[in-house]
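Asks: Can you keep this structure in mind? I'll have questions shortly.
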Amino acid sequence: NARINLSGSLNKYIKGMFKTEKDIGGQGFQPIDANVQFVISPELSIWAGRFLSPSDRANMAGAFYSLGGGYWSGIASRYGFNGGYIGRDDGVAVVGTVLDGMVAYSFGAFEGNTAFQIAPVTVGTRTGSDGLMYAGRVQVDFWDAEPGYYGTGNYLGSKDILAIGLAGRTQKNGAFSTTATGDYSSYSVDFLMEKKGVGPGALSIEAASYDYDTDNVFLSEQGEAYSAGIGYIFNQKVGWGQLQPYARYQKFSPDTNIDTKRFDLGVNYIIDGYNAQISGFYSNTDVTGKSDTDAIN
């Protein structure tokens, strides 16, 4: 894929972002981020337009700023196309920090609904939700503070991080199919620890837990999920860059009793942070179990 990223400031109070995506599916360049940020103070701003709504660390870091880089598989973090394009949604959010940046928060109202509906939106006299999806995240950093609303999944040995994040979203009648309508909600907790000076490099450990509820409308997207990862980046350069071996495990257990598990084992070659990396990895995805009920996939 390829992206064009534009951002700028009209003045110190008004900023903007515009980002496009061209994927391998040949859809052409599509706008994924298009928003304005009203900066009330260095610790408080209001975002309006299309952007990632508050969620877990993996979703906020996205495909290119997580441990392992490249494409993030989304087995456990299943927010996906909840609005707009590539997980973006249209809405407004308050984004801020307190206690010298050690506590970050974001809360907003969004269009929602897109991920959990089957077209057409209107079937007879039934329609999907015409209400808003409410989403929020609170994160506490115990060591170094983390800047920015769009987060990072790994700091490549540049920070000492010990952080816990809580996220949730809900929408009345947000799960809508041709046969049923129900409420949608999801909740998650994520953890990240990175420590410099552990032997000849820096150690990172991450974990997250998720609970998804579609009010029994989409059993294939309703259930519990878990993920865990470990990485180690060596301080010593080898040629142009540093080596970072890593491993990650994910599991999603939906109410269809068909579990999806994925294991990744790889090595990153970090040339210039997230600007230039080469990655090689082995990945195994295993789908187990047998459905004992009908579900919409």
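Naming works like this for the structure tokens: A, B, ... for the chains as they're shown, residue 1 at the start of each chain, ligands 1 onward in shown order.
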So which residues of segment 8-223 of chain A fall under alpha helix (DSSP H) by DSSP, listed as a ChimeraX atom specification?

Replies: /A:57-61

Asks: I'd like the neighbourhood of Ala228 of chain A as a ChimeraX atom specification, where a residue qualifies if any of its atoms comes within 7 Å (using only C-alpha atoms), though same-chain residues fewer than 4 positions away should be ignored.

Replies: /A:206-208,248-250

Asks: Residues within 6 Å of Met17 of chain A, please, as an NGL selection string. Count only C-alpha atoms; anything in the same chain fewer than 3 positions from it doesn't count.

Replies: :A and (6-7 or 34-35)

Asks: Between A:Ile161, A:Val238, A:Ala180, A:Ile258, which residue has the minimum interatomic distance to Met193 of chain A, considering only C-alpha atoms?

Replies: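 Of all the options, A:Ile161 lies closest to Met193 of chain A.
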
Asks: I'd like the contact shell of Tyr269 of chain A - 9 Å cut-off, only C-alpha atoms, skipping same-chain residues fewer than 4 positions apart - returned as a list in words.

Replies: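 Near Tyr269 of chain A, the qualifying residues are Val238, Trp240, Gly241, Gln242, Leu243, Gln244, Pro245, Ala276, Gln277, Ile278, Ser279 and Gly280 of chain A.
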
Asks: Near Ser9 of chain A, within 12 Å and counting only C-alpha atoms, which residues show up once chain neighbours fewer than 6 positions away are dropped, as a ChimeraX atom specification?

Replies: /A:15-18,35-39

Asks: Any idea what's packed within 6 Å of Leu162 of chain A, counting only C-alpha atoms, ignoring anything in its chain fewer than 5 positions away? Could you give it as a PDB file with C-alpha atoms, in the first residue's frame?

Replies:
```pdb
ATOM      1  CA  ASP A 141       1.937   6.175  32.247  1.00  0.00           C
ATOM      2  CA  PHE A 142       4.012   5.345  35.304  1.00  0.00           C
ATOM      3  CA  TRP A 143       7.485   5.967  33.829  1.00  0.00           C
ATOM      4  CA  LEU A 192       2.978  -2.050  27.669  1.00  0.00           C
ATOM      5  CA  MET A 193       6.341  -2.206  29.408  1.00  0.00           C
TER       6      MET A 193
END
```

Asks: Within 6 Å of Phe51 of chain A, counting only C-alpha atoms, which residues show up once you throw out same-chain ones fewer than 3 positions away? Write them as an mmCIF file with C-alpha atoms, in the first residue's frame, please.

Replies:
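Everything below was put into out_16.cif:
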```cif
data_model
loop_
_atom_site.group_PDB
_atom_site.id
_atom_site.type_symbol
_atom_site.label_atom_id
_atom_site.label_comp_id
_atom_site.auth_asym_id
_atom_site.auth_seq_id
_atom_site.Cartn_x
_atom_site.Cartn_y
_atom_site.Cartn_z
ATOM 1 C CA ASP A 33 -7.957 11.039 7.768
ATOM 2 C CA ARG A 88 -11.588 5.643 10.716
ATOM 3 C CA ASP A 89 -14.896 7.181 11.767
#
```

Asks: Nearest residue to Ala2 of chain A out of A:Ser66, A:Asn216, A:Thr20, A:Ser186, using only C-alpha atoms?

Replies: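 For Ala2 of chain A, the nearest of the given residues is A:Thr20.
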
Asks: Taking only C-alpha atoms into account, which of A:Gly28, A:Gly131, A:Gly87, A:Pro54 comes nearest Lys172 of chain A?

Replies: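 Closest to Lys172 of chain A of all the choices is A:Gly131.
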
Asks: Counting only C-alpha atoms, which of A:Ile75, A:Ala163, A:Ala58, A:Ile46 gets nearest to Ser188 of chain A?

Replies: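 Closest candidate: A:Ala58.
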
Asks: From the set A:Leu156, A:Ala145, A:Leu132, A:Ile271, which residue has the shortest atom-to-atom contact distance to Gln171 of chain A, counting only C-alpha atoms?

Replies: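 Once distances to Gln171 of chain A are computed over only C-alpha atoms, the minimum belongs to A:Leu132.
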
Asks: May I ask which of the residues A:Met133, A:Ala61, A:Val103, A:Val140 is the closest one to Asp90 of chain A, counting only C-alpha atoms?

Replies: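 For Asp90 of chain A, the nearest of the candidates is A:Met133.
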